[in-house]
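Peer 1: coords_31.tsv is reproduced below (TSV, C-alpha atoms).
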chain	number	residue	atom	x	y	z
X	1	MET	CA	17.72	16.20	5.93
X	2	ALA	CA	16.80	13.52	3.43
X	3	SER	CA	13.82	11.32	4.15
X	4	TYR	CA	14.21	7.74	5.32
X	5	THR	CA	14.48	5.41	2.35
X	6	GLY	CA	13.65	2.12	4.07
X	7	ARG	CA	11.07	0.11	2.17
X	8	GLY	CA	8.90	-2.90	2.82
X	9	VAL	CA	7.79	-3.83	6.32
X	10	HIS	CA	10.62	-1.95	8.00
X	11	GLY	CA	9.77	1.31	6.25
X	12	GLN	CA	6.06	0.87	6.98
X	13	ILE	CA	6.70	0.42	10.69
X	14	VAL	CA	8.91	3.52	10.86
X	15	ARG	CA	6.21	5.55	9.12
X	16	THR	CA	3.38	4.13	11.24
X	17	LEU	CA	5.10	4.79	14.55
X	18	GLY	CA	6.50	8.13	13.44
X	19	THR	CA	3.05	9.32	12.41
X	20	ARG	CA	1.57	8.17	15.71
X	21	ILE	CA	4.20	10.10	17.63
X	22	VAL	CA	4.04	13.41	15.75
X	23	GLY	CA	0.24	13.14	15.62
X	24	GLY	CA	0.01	12.73	19.39
X	25	ASP	CA	-1.38	9.19	19.50
X	26	LEU	CA	1.85	8.29	21.27
X	27	PRO	CA	2.30	11.45	23.36
X	28	GLU	CA	5.46	12.99	24.74
X	29	GLY	CA	6.74	11.00	27.70
X	30	ALA	CA	4.79	7.85	26.78
X	31	ILE	CA	6.57	4.59	27.58
X	32	LEU	CA	6.72	2.32	24.54
X	33	ASP	CA	6.34	-1.41	25.06
X	34	VAL	CA	8.36	-2.46	22.04
X	35	ARG	CA	7.37	-6.10	22.24
X	36	ALA	CA	3.66	-5.29	22.56
X	37	LEU	CA	3.84	-2.84	19.66
X	38	GLY	CA	5.51	-5.51	17.57
X	39	GLU	CA	2.70	-7.92	18.33
X	40	GLU	CA	0.10	-5.29	17.52
X	41	LEU	CA	1.77	-4.50	14.19
X	42	ASP	CA	2.52	-8.18	13.52
X	43	VAL	CA	6.26	-7.78	13.02
X	44	SER	CA	9.28	-9.35	14.62
X	45	LEU	CA	11.19	-7.89	17.53
X	46	THR	CA	14.16	-7.48	15.19
X	47	VAL	CA	12.12	-5.24	12.87
X	48	MET	CA	10.89	-3.25	15.84
X	49	ARG	CA	14.38	-2.71	17.21
X	50	GLU	CA	15.68	-1.53	13.84
X	51	SER	CA	12.69	0.81	13.49
X	52	MET	CA	13.35	2.21	16.94
X	53	LYS	CA	16.91	3.05	15.92
X	54	VAL	CA	15.61	5.10	12.99
X	55	LEU	CA	13.10	6.95	15.19
X	56	ALA	CA	15.79	7.60	17.79
X	57	GLY	CA	17.97	9.09	15.08
X	58	LYS	CA	15.20	11.57	14.34
X	59	GLY	CA	15.02	12.58	17.99
X	60	LEU	CA	11.55	11.13	18.53
X	61	ILE	CA	12.40	8.46	21.10
X	62	ASP	CA	15.08	7.50	23.58
X	63	ALA	CA	15.78	4.58	25.87
X	64	ARG	CA	17.06	4.66	29.45
X	65	GLN	CA	17.77	2.03	32.03
X	66	LYS	CA	14.87	1.51	34.46
X	67	ARG	CA	12.65	3.75	32.34
X	68	GLY	CA	12.66	1.87	29.06
X	69	THR	CA	11.89	3.30	25.61
X	70	PHE	CA	9.89	6.53	25.64
X	71	VAL	CA	8.72	9.37	23.42
X	72	ARG	CA	10.93	12.43	23.82
X	73	GLU	CA	9.66	15.97	24.31
X	74	ARG	CA	8.96	17.85	21.09
X	75	LYS	CA	11.85	20.24	21.73
X	76	TYR	CA	14.25	17.34	21.07
X	77	TRP	CA	12.67	16.29	17.75
X	78	ASN	CA	14.54	17.00	14.55
X	79	LEU	CA	11.81	19.23	13.14
X	80	LEU	CA	13.81	19.83	9.95
X	81	ASP	CA	13.74	16.14	9.09
X	82	ALA	CA	11.81	15.57	5.86
X	83	ASP	CA	9.94	12.58	7.29
X	84	LEU	CA	8.82	14.49	10.39
X	85	ILE	CA	7.54	17.29	8.20
X	86	ARG	CA	5.59	14.88	6.00
X	87	TRP	CA	4.24	12.91	8.98
X	88	GLN	CA	2.99	16.09	10.64
X	89	VAL	CA	1.07	17.03	7.51
X	90	GLU	CA	-0.30	13.50	7.10
X	91	SER	CA	-1.45	13.38	10.72
X	92	GLY	CA	-3.30	16.68	10.41
X	93	GLY	CA	-0.74	18.72	12.35
X	94	GLY	CA	0.71	20.64	9.43
X	95	GLN	CA	-0.86	24.01	10.26
X	96	ARG	CA	1.65	24.88	12.97
X	97	LEU	CA	4.51	23.72	10.79
X	98	MET	CA	3.42	25.77	7.78
X	99	ARG	CA	2.76	28.82	9.94
X	100	ASP	CA	6.28	28.61	11.33
X	101	LEU	CA	7.69	28.06	7.83
X	102	ALA	CA	5.84	31.16	6.60
X	103	ASP	CA	7.34	33.14	9.48
X	104	VAL	CA	10.88	32.05	8.68
X	105	ARG	CA	10.47	32.65	4.96
X	106	SER	CA	9.11	36.16	5.58
X	107	ILE	CA	12.28	36.97	7.52
X	108	VAL	CA	14.83	35.33	5.24
X	109	GLU	CA	13.67	35.41	1.63
X	110	PRO	CA	12.84	39.11	1.05
X	111	ALA	CA	16.29	40.01	2.39
X	112	ALA	CA	17.83	37.24	0.27
X	113	ALA	CA	16.09	38.58	-2.86
X	114	HIS	CA	17.39	42.09	-2.08
X	115	ARG	CA	20.95	40.80	-1.71
X	116	ALA	CA	20.67	38.51	-4.75
X	117	ALA	CA	19.82	41.50	-6.94
X	118	LEU	CA	23.09	43.10	-5.89
X	119	HIS	CA	25.35	40.06	-6.14
X	120	ARG	CA	23.88	37.67	-8.75
X	121	THR	CA	26.06	36.29	-11.52
X	122	GLU	CA	25.13	35.04	-14.98
X	123	ASP	CA	25.35	31.49	-13.68
X	124	ASP	CA	22.87	32.38	-10.93
X	125	LEU	CA	20.47	33.87	-13.48
X	126	ASN	CA	20.78	30.78	-15.67
X	127	ALA	CA	19.96	28.54	-12.71
X	128	MET	CA	16.92	30.62	-11.82
X	129	GLN	CA	15.75	30.71	-15.43
X	130	SER	CA	16.10	26.93	-15.73
X	131	ALA	CA	13.92	26.54	-12.64
X	132	LEU	CA	11.31	28.89	-14.11
X	133	ASP	CA	11.28	26.93	-17.38
X	134	ALA	CA	10.82	23.67	-15.49
X	135	MET	CA	8.05	25.24	-13.40
X	136	ALA	CA	6.19	26.38	-16.50
X	137	GLU	CA	6.47	22.94	-18.08
X	138	ALA	CA	5.40	21.02	-14.99
X	139	HIS	CA	2.64	23.25	-13.59
X	140	ALA	CA	-0.29	21.82	-15.53
X	141	HIS	CA	0.51	18.11	-15.41
X	142	SER	CA	3.15	17.24	-12.80
X	143	PRO	CA	2.68	18.40	-9.18
X	144	ALA	CA	5.91	16.64	-8.18
X	145	GLY	CA	7.80	18.32	-11.00
X	146	ALA	CA	6.33	21.71	-10.11
X	147	ALA	CA	7.34	21.28	-6.48
X	148	GLU	CA	10.87	20.30	-7.52
X	149	ALA	CA	11.16	23.32	-9.83
X	150	ASP	CA	9.83	25.62	-7.11
X	151	ALA	CA	12.45	24.35	-4.65
X	152	ALA	CA	15.16	24.72	-7.29
X	153	PHE	CA	14.22	28.37	-7.89
X	154	HIS	CA	14.45	29.28	-4.22
X	155	ARG	CA	17.70	27.35	-3.87
X	156	ALA	CA	19.16	29.27	-6.80
X	157	LEU	CA	17.98	32.56	-5.30
X	158	LEU	CA	19.74	31.82	-2.02
X	159	ASN	CA	22.90	30.89	-3.91
X	160	ALA	CA	22.69	34.18	-5.81
X	161	THR	CA	23.17	36.14	-2.58
X	162	GLY	CA	26.87	35.28	-2.72
X	163	ASN	CA	26.73	34.46	0.98
X	164	GLU	CA	27.63	30.86	1.83
X	165	LEU	CA	25.62	30.82	5.04
X	166	LEU	CA	22.52	32.22	3.37
X	167	ALA	CA	22.97	29.70	0.57
X	168	ARG	CA	22.79	26.88	3.11
X	169	MET	CA	19.49	28.16	4.43
X	170	ASP	CA	18.01	25.70	1.94
X	171	LEU	CA	18.71	23.05	4.59
X	172	LEU	CA	16.27	24.88	6.85
X	173	LEU	CA	13.66	25.94	4.32
X	174	GLU	CA	13.56	23.28	1.65
X	175	PRO	CA	12.06	20.25	3.47
X	176	GLY	CA	9.04	22.27	4.57
X	177	LEU	CA	8.83	24.10	1.26
X	178	ARG	CA	8.75	20.83	-0.65
X	179	GLU	CA	5.90	19.49	1.49
X	180	ARG	CA	4.00	22.77	1.21
X	181	ASP	CA	4.44	22.73	-2.57
X	182	ARG	CA	3.43	19.08	-2.81
X	183	VAL	CA	0.13	19.94	-1.13
X	184	VAL	CA	-0.51	23.15	-3.07
X	185	HIS	CA	0.57	22.05	-6.56
X	186	SER	CA	-1.66	18.99	-6.41
X	187	HIS	CA	-4.81	21.16	-6.20
X	188	SER	CA	-6.34	22.79	-9.24
X	189	GLN	CA	-7.54	25.87	-7.33
X	190	ALA	CA	-3.99	26.98	-6.55
X	191	SER	CA	-2.80	29.93	-8.61
X	192	ASP	CA	-0.13	29.64	-11.27
X	193	PRO	CA	3.16	30.15	-9.39
X	194	LEU	CA	5.05	31.33	-12.46
X	195	PRO	CA	4.10	35.06	-12.50
X	196	SER	CA	5.15	35.72	-8.90
X	197	HIS	CA	8.45	33.87	-9.38
X	198	GLN	CA	9.02	35.60	-12.70
X	199	ALA	CA	8.60	38.99	-11.01
X	200	VAL	CA	11.32	38.11	-8.50
X	201	PHE	CA	13.59	36.90	-11.27
X	202	ASP	CA	13.06	40.02	-13.37
X	203	ALA	CA	13.98	42.29	-10.47
X	204	VAL	CA	17.07	40.24	-9.59
X	205	ARG	CA	18.13	40.22	-13.24
X	206	ASP	CA	17.67	44.00	-13.44
X	207	GLN	CA	19.69	44.42	-10.22
X	208	ASP	CA	16.77	46.30	-8.67
X	209	ALA	CA	17.15	45.30	-5.02
X	210	ALA	CA	14.13	47.17	-3.67
X	211	ARG	CA	11.83	45.73	-6.36
X	212	ALA	CA	13.21	42.22	-5.77
X	213	GLU	CA	12.42	42.46	-2.07
X	214	LEU	CA	8.87	43.66	-2.74
X	215	ALA	CA	8.34	40.97	-5.37
X	216	MET	CA	9.38	38.32	-2.89
X	217	LEU	CA	6.95	39.71	-0.31
X	218	ASP	CA	4.19	39.45	-2.92
X	219	LEU	CA	5.27	35.89	-3.74
X	220	LEU	CA	5.11	34.88	-0.07
X	221	ALA	CA	1.69	36.48	0.35
X	222	GLN	CA	0.46	34.47	-2.64
X	223	ALA	CA	2.02	31.31	-1.22
X	224	THR	CA	0.16	31.78	2.06
X	225	HIS	CA	-3.10	32.49	0.23
X	226	ASP	CA	-2.73	29.36	-1.89
X	227	PHE	CA	-2.06	27.13	1.10
X	228	ASP	CA	-5.08	28.60	2.89
X	229	GLN	CA	-7.22	27.96	-0.17
X	230	VAL	CA	-6.33	24.31	-0.57
X	231	THR	CA	-6.35	23.42	3.14
X	232	GLY	CA	-9.14	25.65	4.41
X	233	ASP	CA	-6.76	26.96	7.09
X	234	ARG	CA	-6.71	30.64	8.00
X	235	HIS	CA	-3.86	30.68	10.48
X	236	THR	CA	-0.73	30.14	8.39
X	237	ALA	CA	0.01	33.77	7.57
X	238	PRO	CA	3.16	35.24	9.12
X	239	ARG	CA	2.39	36.82	12.49
Could you spell out this file's structure in C-alpha coordinates?

Peer 2:
Amino acid sequence: MASYTGRGVHGQIVRTLGTRIVGGDLPEGAILDVRALGEELDVSLTVMRESMKVLAGKGLIDARQKRGTFVRERKYWNLLDADLIRWQVESGGGQRLMRDLADVRSIVEPAAAHRAALHRTEDDLNAMQSALDAMAEAHAHSPAGAAEADAAFHRALLNATGNELLARMDLLLEPGLRERDRVVHSHSQASDPLPSHQAVFDAVRDQDAARAELAMLDLLAQATHDFDQVTGDRHTAPR
(Lines of atoms letter the chains of each structure in order from A and count residues from 1; the text may use other names and numbers.)
(Lines give C-alpha, C1' and ligand atoms only; values in the text may rest on other atoms or scores of the structure.)
Protein backbone atom coordinates (compact mmCIF):
# COMPACT_ATOMS: atom_id res chain seq x y z
CA MET A 1 0.00 0.00 0.00
CA ALA A 2 1.26 3.46 -0.87
CA SER A 3 2.33 5.75 1.92
CA TYR A 4 0.18 8.65 3.07
CA THR A 5 0.94 11.74 1.02
CA GLY A 6 -0.52 14.39 3.33
CA ARG A 7 1.84 17.28 3.88
CA GLY A 8 2.08 20.23 6.23
CA VAL A 9 0.57 20.14 9.69
CA HIS A 10 -1.90 17.40 8.83
CA GLY A 11 0.83 15.06 7.59
CA GLN A 12 3.01 15.83 10.62
CA ILE A 13 0.22 14.94 13.03
CA VAL A 14 -0.49 11.65 11.27
CA ARG A 15 3.18 10.74 11.43
CA THR A 16 3.59 11.83 15.06
CA LEU A 17 0.60 9.87 16.31
CA GLY A 18 1.31 6.89 14.08
CA THR A 19 4.86 6.66 15.37
CA ARG A 20 3.66 6.91 18.97
CA ILE A 21 1.22 4.07 18.41
CA VAL A 22 3.52 1.62 16.63
CA GLY A 23 6.33 2.51 19.03
CA GLY A 24 4.17 1.71 22.06
CA ASP A 25 3.98 5.20 23.56
CA LEU A 26 0.25 4.95 22.92
CA PRO A 27 -0.27 1.26 23.72
CA GLU A 28 -2.91 -1.12 22.47
CA GLY A 29 -6.24 -0.42 24.13
CA ALA A 30 -5.29 3.12 25.18
CA ILE A 31 -8.14 5.62 25.10
CA LEU A 32 -7.24 8.70 23.07
CA ASP A 33 -8.48 12.07 24.26
CA VAL A 34 -8.57 13.70 20.83
CA ARG A 35 -9.15 17.19 22.17
CA ALA A 36 -6.31 16.92 24.70
CA LEU A 37 -3.95 15.55 22.06
CA GLY A 38 -4.85 18.44 19.80
CA GLU A 39 -4.00 20.89 22.55
CA GLU A 40 -0.73 19.11 23.25
CA LEU A 41 0.23 19.19 19.57
CA ASP A 42 -1.14 22.72 19.13
CA VAL A 43 -3.50 21.91 16.26
CA SER A 44 -7.19 22.38 15.72
CA LEU A 45 -9.83 19.77 16.44
CA THR A 46 -10.54 19.67 12.70
CA VAL A 47 -6.94 18.66 11.96
CA MET A 48 -7.09 16.04 14.69
CA ARG A 49 -10.31 14.53 13.37
CA GLU A 50 -8.93 14.31 9.83
CA SER A 51 -5.73 12.72 11.17
CA MET A 52 -7.77 10.19 13.11
CA LYS A 53 -9.54 9.17 9.91
CA VAL A 54 -6.20 8.41 8.27
CA LEU A 55 -5.00 6.37 11.26
CA ALA A 56 -8.31 4.50 11.37
CA GLY A 57 -7.86 3.64 7.70
CA LYS A 58 -4.55 2.01 8.59
CA GLY A 59 -6.22 -0.09 11.28
CA LEU A 60 -4.43 1.65 14.16
CA ILE A 61 -7.43 3.17 15.91
CA ASP A 62 -11.19 2.84 16.16
CA ALA A 63 -14.00 4.71 17.84
CA ARG A 64 -17.01 3.28 19.66
CA GLN A 65 -19.91 4.78 21.51
CA LYS A 66 -19.34 4.95 25.28
CA ARG A 67 -15.72 3.89 24.81
CA GLY A 68 -14.43 6.71 22.64
CA THR A 69 -11.39 6.61 20.36
CA PHE A 70 -8.86 3.91 21.21
CA VAL A 71 -5.75 2.16 19.89
CA ARG A 72 -6.63 -1.17 18.31
CA GLU A 73 -4.80 -4.43 18.98
CA ARG A 74 -1.79 -5.04 16.75
CA LYS A 75 -3.52 -7.93 15.00
CA TYR A 76 -5.87 -5.40 13.38
CA TRP A 77 -3.11 -3.09 12.08
CA ASN A 78 -2.40 -3.02 8.37
CA LEU A 79 1.18 -4.21 8.76
CA LEU A 80 1.75 -4.06 5.00
CA ASP A 81 1.09 -0.33 4.95
CA ALA A 82 4.23 1.55 3.88
CA ASP A 83 3.79 4.18 6.60
CA LEU A 84 3.45 1.58 9.36
CA ILE A 85 6.60 -0.12 8.15
CA ARG A 86 8.54 3.14 8.13
CA TRP A 87 7.15 4.24 11.52
CA GLN A 88 8.16 0.93 13.10
CA VAL A 89 11.73 1.37 11.87
CA GLU A 90 11.82 5.02 12.97
CA SER A 91 10.52 4.14 16.45
CA GLY A 92 13.16 1.45 16.93
CA GLY A 93 10.80 -1.48 16.41
CA GLY A 94 12.06 -2.56 13.01
CA GLN A 95 13.85 -5.73 14.16
CA ARG A 96 10.69 -7.81 14.42
CA LEU A 97 9.45 -6.48 11.10
CA MET A 98 12.69 -7.25 9.26
CA ARG A 99 12.93 -10.69 10.86
CA ASP A 100 9.43 -11.49 9.63
CA LEU A 101 10.24 -10.07 6.19
CA ALA A 102 13.35 -12.28 6.02
CA ASP A 103 11.21 -15.30 6.90
CA VAL A 104 8.68 -14.58 4.16
CA ARG A 105 11.36 -13.87 1.57
CA SER A 106 13.16 -17.13 2.40
CA ILE A 107 9.94 -19.02 1.67
CA VAL A 108 8.83 -17.16 -1.46
CA GLU A 109 11.83 -15.89 -3.40
CA PRO A 110 13.99 -19.02 -3.84
CA ALA A 111 10.95 -20.84 -5.22
CA ALA A 112 10.13 -17.82 -7.39
CA ALA A 113 13.68 -17.78 -8.79
CA HIS A 114 13.42 -21.51 -9.56
CA ARG A 115 10.14 -21.00 -11.42
CA ALA A 116 11.36 -17.84 -13.17
CA ALA A 117 14.25 -19.78 -14.69
CA LEU A 118 11.73 -22.13 -16.26
CA HIS A 119 9.21 -19.58 -17.47
CA ARG A 120 11.03 -16.27 -18.11
CA THR A 121 10.57 -14.43 -21.39
CA GLU A 122 12.87 -12.01 -23.18
CA ASP A 123 10.78 -9.14 -21.83
CA ASP A 124 11.32 -10.47 -18.30
CA LEU A 125 15.07 -10.66 -18.86
CA ASN A 126 15.10 -7.11 -20.24
CA ALA A 127 13.25 -5.84 -17.17
CA MET A 128 15.67 -7.59 -14.83
CA GLN A 129 18.68 -6.32 -16.78
CA SER A 130 17.35 -2.75 -16.68
CA ALA A 131 17.04 -3.04 -12.90
CA LEU A 132 20.61 -4.34 -12.65
CA ASP A 133 21.89 -1.45 -14.77
CA ALA A 134 20.07 1.05 -12.59
CA MET A 135 21.42 -0.64 -9.46
CA ALA A 136 24.98 -0.41 -10.73
CA GLU A 137 24.57 3.26 -11.59
CA ALA A 138 22.93 4.22 -8.30
CA HIS A 139 24.89 2.13 -5.79
CA ALA A 140 27.73 4.56 -5.13
CA HIS A 141 25.85 7.85 -5.01
CA SER A 142 22.08 7.40 -4.65
CA PRO A 143 20.71 5.23 -1.82
CA ALA A 144 17.15 6.03 -2.91
CA GLY A 145 17.93 5.07 -6.49
CA ALA A 146 19.62 1.86 -5.37
CA ALA A 147 16.61 0.92 -3.26
CA GLU A 148 14.27 1.61 -6.18
CA ALA A 149 16.40 -0.51 -8.53
CA ASP A 150 16.56 -3.32 -5.98
CA ALA A 151 12.76 -3.35 -5.67
CA ALA A 152 12.41 -3.27 -9.45
CA PHE A 153 14.65 -6.33 -9.82
CA HIS A 154 12.64 -8.40 -7.36
CA ARG A 155 9.38 -7.23 -8.93
CA ALA A 156 10.64 -8.31 -12.36
CA LEU A 157 11.72 -11.68 -10.96
CA LEU A 158 8.26 -12.32 -9.54
CA ASN A 159 6.71 -11.35 -12.87
CA ALA A 160 9.05 -13.77 -14.63
CA THR A 161 7.45 -16.72 -12.82
CA GLY A 162 4.51 -16.46 -15.21
CA ASN A 163 2.19 -16.87 -12.23
CA GLU A 164 -0.16 -13.92 -11.65
CA LEU A 165 -0.55 -14.61 -7.95
CA LEU A 166 3.19 -14.88 -7.39
CA ALA A 167 3.65 -11.69 -9.40
CA ARG A 168 1.38 -9.86 -6.98
CA MET A 169 3.49 -10.95 -4.02
CA ASP A 170 5.22 -7.62 -4.57
CA LEU A 171 2.29 -6.11 -2.65
CA LEU A 172 3.39 -8.16 0.35
CA LEU A 173 7.15 -7.91 0.01
CA GLU A 174 7.91 -4.55 -1.53
CA PRO A 175 6.96 -2.08 1.25
CA GLY A 176 9.24 -3.84 3.74
CA LEU A 177 11.92 -4.45 1.13
CA ARG A 178 12.02 -0.76 0.24
CA GLU A 179 12.45 0.24 3.89
CA ARG A 180 15.10 -2.41 4.44
CA ASP A 181 16.97 -1.22 1.33
CA ARG A 182 16.66 2.42 2.35
CA VAL A 183 18.41 1.60 5.62
CA VAL A 184 21.07 -0.67 4.11
CA HIS A 185 21.94 1.31 0.97
CA SER A 186 22.51 4.48 2.98
CA HIS A 187 25.44 2.88 4.87
CA SER A 188 28.88 2.58 3.36
CA GLN A 189 29.67 -0.72 5.10
CA ALA A 190 26.95 -2.57 3.21
CA SER A 191 28.23 -4.84 0.47
CA ASP A 192 27.70 -4.14 -3.21
CA PRO A 193 24.33 -5.75 -4.01
CA LEU A 194 25.10 -6.16 -7.71
CA PRO A 195 27.06 -9.47 -7.66
CA SER A 196 24.40 -11.42 -5.77
CA HIS A 197 21.62 -10.06 -7.99
CA GLN A 198 23.70 -10.70 -11.09
CA ALA A 199 24.13 -14.34 -10.06
CA VAL A 200 20.37 -14.76 -9.83
CA PHE A 201 19.89 -13.10 -13.19
CA ASP A 202 22.54 -15.24 -14.87
CA ALA A 203 20.91 -18.45 -13.64
CA VAL A 204 17.43 -17.31 -14.69
CA ARG A 205 18.76 -16.28 -18.10
CA ASP A 206 20.46 -19.67 -18.50
CA GLN A 207 17.22 -21.42 -17.47
CA ASP A 208 19.10 -23.22 -14.70
CA ALA A 209 16.36 -23.51 -12.07
CA ALA A 210 18.44 -25.22 -9.38
CA ARG A 211 21.24 -22.64 -9.68
CA ALA A 212 18.71 -19.78 -9.62
CA GLU A 213 17.23 -21.07 -6.39
CA LEU A 214 20.65 -21.41 -4.76
CA ALA A 215 21.70 -17.96 -5.98
CA MET A 216 18.61 -16.45 -4.41
CA LEU A 217 19.36 -18.20 -1.11
CA ASP A 218 22.85 -16.67 -1.23
CA LEU A 219 21.35 -13.26 -2.01
CA LEU A 220 19.00 -13.48 0.97
CA ALA A 221 21.82 -14.56 3.28
CA GLN A 222 23.82 -11.53 2.14
CA ALA A 223 20.80 -9.28 2.65
CA THR A 224 20.42 -10.49 6.23
CA HIS A 225 24.14 -10.04 6.89
CA ASP A 226 24.08 -6.49 5.52
CA PHE A 227 21.10 -5.49 7.64
CA ASP A 228 22.79 -6.95 10.72
CA GLN A 229 25.95 -5.02 9.93
CA VAL A 230 24.32 -1.63 9.59
CA THR A 231 21.89 -2.00 12.50
CA GLY A 232 23.95 -4.05 14.93
CA ASP A 233 21.05 -6.51 15.19
CA ARG A 234 21.69 -10.25 15.30
CA HIS A 235 18.14 -11.54 15.29
CA THR A 236 16.85 -10.85 11.77
CA ALA A 237 17.98 -14.10 10.14
CA PRO A 238 15.22 -16.47 9.04
CA ARG A 239 14.34 -18.91 11.81

Peer 1: At a cut-off of 12 Å, can you tabulate as a tab-separated table every residue of segment 113-170 of chain X near segment 174-182 of chain X together with its closest atom pair and the distance in Å to one decimal, using only C-alpha atoms and ordering rows by chain then number?

Peer 2:
residue	atom	partner	partner_atom	distance
X:Met135	CA	X:Asp181	CA	11.7
X:His139	CA	X:Asp181	CA	11.2
X:Ser142	CA	X:Arg182	CA	10.2
X:Pro143	CA	X:Arg182	CA	6.4
X:Ala144	CA	X:Arg182	CA	6.4
X:Gly145	CA	X:Arg182	CA	9.3
X:Ala146	CA	X:Asp181	CA	7.8
X:Ala147	CA	X:Asp181	CA	5.1
X:Glu148	CA	X:Arg178	CA	7.2
X:Ala149	CA	X:Arg178	CA	9.8
X:Asp150	CA	X:Asp181	CA	7.6
X:Ala151	CA	X:Glu174	CA	6.5
X:Ala152	CA	X:Glu174	CA	9.2
X:Phe153	CA	X:Glu174	CA	10.8
X:His154	CA	X:Glu174	CA	8.4
X:Arg155	CA	X:Glu174	CA	8.0
X:Ala156	CA	X:Glu174	CA	11.8
X:Leu158	CA	X:Glu174	CA	11.2
X:Ala167	CA	X:Glu174	CA	11.4
X:Arg168	CA	X:Glu174	CA	10.0
X:Met169	CA	X:Glu174	CA	8.2
X:Asp170	CA	X:Glu174	CA	5.1

Peer 1: Separation of atom CA of Lys75 of chain X and atom CA of Leu60 of chain X, in Å?

Peer 2: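 That distance, rounded to one decimal, is 9.7 Å.
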
Peer 1: Quick one: everything within 10 Å of Val14 of chain X, counting only C-alpha atoms, minus sequence neighbours fewer than 4 positions away in the same chain. Send it as a VMD selection string.

Peer 2: chain X and resid 4 6 to 7 9 to 10 18 to 20 47 to 48 50 to 55 83

Peer 1: Taking C-alpha atoms for each residue, export the selection above as a tab-separated table (two decimals), in the coordinates of the input.

Peer 2:
chain	number	residue	atom	x	y	z
X	4	TYR	CA	14.21	7.74	5.32
X	6	GLY	CA	13.65	2.12	4.07
X	7	ARG	CA	11.07	0.11	2.17
X	9	VAL	CA	7.79	-3.83	6.32
X	10	HIS	CA	10.62	-1.95	8.00
X	18	GLY	CA	6.50	8.13	13.44
X	19	THR	CA	3.05	9.32	12.41
X	20	ARG	CA	1.57	8.17	15.71
X	47	VAL	CA	12.12	-5.24	12.87
X	48	MET	CA	10.89	-3.25	15.84
X	50	GLU	CA	15.68	-1.53	13.84
X	51	SER	CA	12.69	0.81	13.49
X	52	MET	CA	13.35	2.21	16.94
X	53	LYS	CA	16.91	3.05	15.92
X	54	VAL	CA	15.61	5.10	12.99
X	55	LEU	CA	13.10	6.95	15.19
X	83	ASP	CA	9.94	12.58	7.29

Peer 1: Provide the atom CA of Arg86 of chain X to atom CA of Ser196 of chain X distance in Å, to one decimal place.

Peer 2: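 Atom CA of Ser196 of chain X lies 25.6 Å from atom CA of Arg86 of chain X.
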
Peer 1: Give the answer as one residue: which of X:Ala138, X:Val22, X:Leu125, X:Leu32 has the shortest atom-to-atom distance to Ile85 of chain X, using all atoms listed in the file?

Peer 2: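 Checking each of X:Ala138, X:Val22, X:Leu125, X:Leu32 against Ile85 of chain X, counting all atoms listed in the file, the winner is X:Val22.
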
Peer 1: I'd like the interatomic distance between atom CA of His185 of chain X and atom CA of Ala140 of chain X, to a tenth of an Å.

Peer 2: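 Interatomic distance, atom CA of His185 of chain X to atom CA of Ala140 of chain X: 9.0 Å.
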
Peer 1: Write out as a list in words the residues lying within 12 Å of Arg74 of chain X, counting all atoms listed in the file and excluding same-chain residues fewer than 4 positions away.

Peer 2: Ile21, Val22, Gly23, Gly24, Leu26, Pro27, Glu28, Gly29, Lys58, Gly59, Leu60, Ile61, Asn78, Leu79 and Leu84 of chain X

Peer 1: Output C-alpha atoms of each residue in that selection to a file, as a PDB file, keeping the file's coordinate frame.

Peer 2:
ATOM      1  CA  ILE X  21       4.200  10.100  17.630  1.00  0.00           C
ATOM      2  CA  VAL X  22       4.040  13.410  15.750  1.00  0.00           C
ATOM      3  CA  GLY X  23       0.240  13.140  15.620  1.00  0.00           C
ATOM      4  CA  GLY X  24       0.010  12.730  19.390  1.00  0.00           C
ATOM      5  CA  LEU X  26       1.850   8.290  21.270  1.00  0.00           C
ATOM      6  CA  PRO X  27       2.300  11.450  23.360  1.00  0.00           C
ATOM      7  CA  GLU X  28       5.460  12.990  24.740  1.00  0.00           C
ATOM      8  CA  GLY X  29       6.740  11.000  27.700  1.00  0.00           C
ATOM      9  CA  LYS X  58      15.200  11.570  14.340  1.00  0.00           C
ATOM     10  CA  GLY X  59      15.020  12.580  17.990  1.00  0.00           C
ATOM     11  CA  LEU X  60      11.550  11.130  18.530  1.00  0.00           C
ATOM     12  CA  ILE X  61      12.400   8.460  21.100  1.00  0.00           C
ATOM     13  CA  ASN X  78      14.540  17.000  14.550  1.00  0.00           C
ATOM     14  CA  LEU X  79      11.810  19.230  13.140  1.00  0.00           C
ATOM     15  CA  LEU X  84       8.820  14.490  10.390  1.00  0.00           C
TER      16      LEU X  84
END

Peer 1: Please tabulate, as JSON lines, the residues of segment 169-216 of chain X that come within 9 Å of segment 102-110 of chain X, each with its closest pair of atoms and the distance in Å to one decimal, counting all atoms listed in the file and ordering rows by chain, then residue number upward.

Peer 2:
{"residue": "X:Met169", "atom": "CA", "partner": "X:Val108", "partner_atom": "CA", "distance": 8.6}
{"residue": "X:Leu173", "atom": "CA", "partner": "X:Arg105", "partner_atom": "CA", "distance": 7.5}
{"residue": "X:Ala212", "atom": "CA", "partner": "X:Pro110", "partner_atom": "CA", "distance": 7.5}
{"residue": "X:Glu213", "atom": "CA", "partner": "X:Pro110", "partner_atom": "CA", "distance": 4.6}
{"residue": "X:Leu214", "atom": "CA", "partner": "X:Pro110", "partner_atom": "CA", "distance": 7.1}
{"residue": "X:Ala215", "atom": "CA", "partner": "X:Pro110", "partner_atom": "CA", "distance": 8.1}
{"residue": "X:Met216", "atom": "CA", "partner": "X:Pro110", "partner_atom": "CA", "distance": 5.3}

Peer 1: Can you write just those residues out, C-alpha atoms, as a PDB file, in the frame of the given file?

Peer 2:
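Final output, saved to part.pdb:
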ATOM      1  CA  MET X 169      19.490  28.160   4.430  1.00  0.00           C
ATOM      2  CA  LEU X 173      13.660  25.940   4.320  1.00  0.00           C
ATOM      3  CA  ALA X 212      13.210  42.220  -5.770  1.00  0.00           C
ATOM      4  CA  GLU X 213      12.420  42.460  -2.070  1.00  0.00           C
ATOM      5  CA  LEU X 214       8.870  43.660  -2.740  1.00  0.00           C
ATOM      6  CA  ALA X 215       8.340  40.970  -5.370  1.00  0.00           C
ATOM      7  CA  MET X 216       9.380  38.320  -2.890  1.00  0.00           C
TER       8      MET X 216
END

Peer 1: From the options X:Leu172, X:Gly57, X:Gly162, X:Ile13, which residue's atoms come nearest to Ser44 of chain X, counting all atoms listed in the file?

Peer 2: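 Checking each of X:Leu172, X:Gly57, X:Gly162, X:Ile13 against Ser44 of chain X, counting all atoms listed in the file, the winner is X:Ile13.
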
Peer 1: Between X:Leu17, X:Val200, X:Leu101, X:Ala113, which is the closest to Phe227 of chain X once you count all atoms listed in the file?

Peer 2: X:Leu101

Peer 1: X:Gly8, X:Ala160, X:Thr16, X:Pro193: which is nearest His114 of chain X, counting all atoms listed in the file?

Peer 2: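 Checking each of X:Gly8, X:Ala160, X:Thr16, X:Pro193 against His114 of chain X, counting all atoms listed in the file, the winner is X:Ala160.
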
Peer 1: Nearest residue to Ser186 of chain X out of X:Glu164, X:Leu132, X:Thr231, X:Leu217, using only C-alpha atoms?

Peer 2: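 Answer, going by the shortest atom-to-atom distance: X:Thr231.
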
Peer 1: Would you place a box with edges along x, y and z of the file around all atoms of segment 68-79 of chain X listed there, add 5 Å to each of its six sides, and report the centre and edge lengths in Å to one decimal, as JSON?

Peer 2:
{"center_x": 11.6, "center_y": 11.1, "center_z": 21.1, "size_x": 15.8, "size_y": 28.4, "size_z": 25.9}
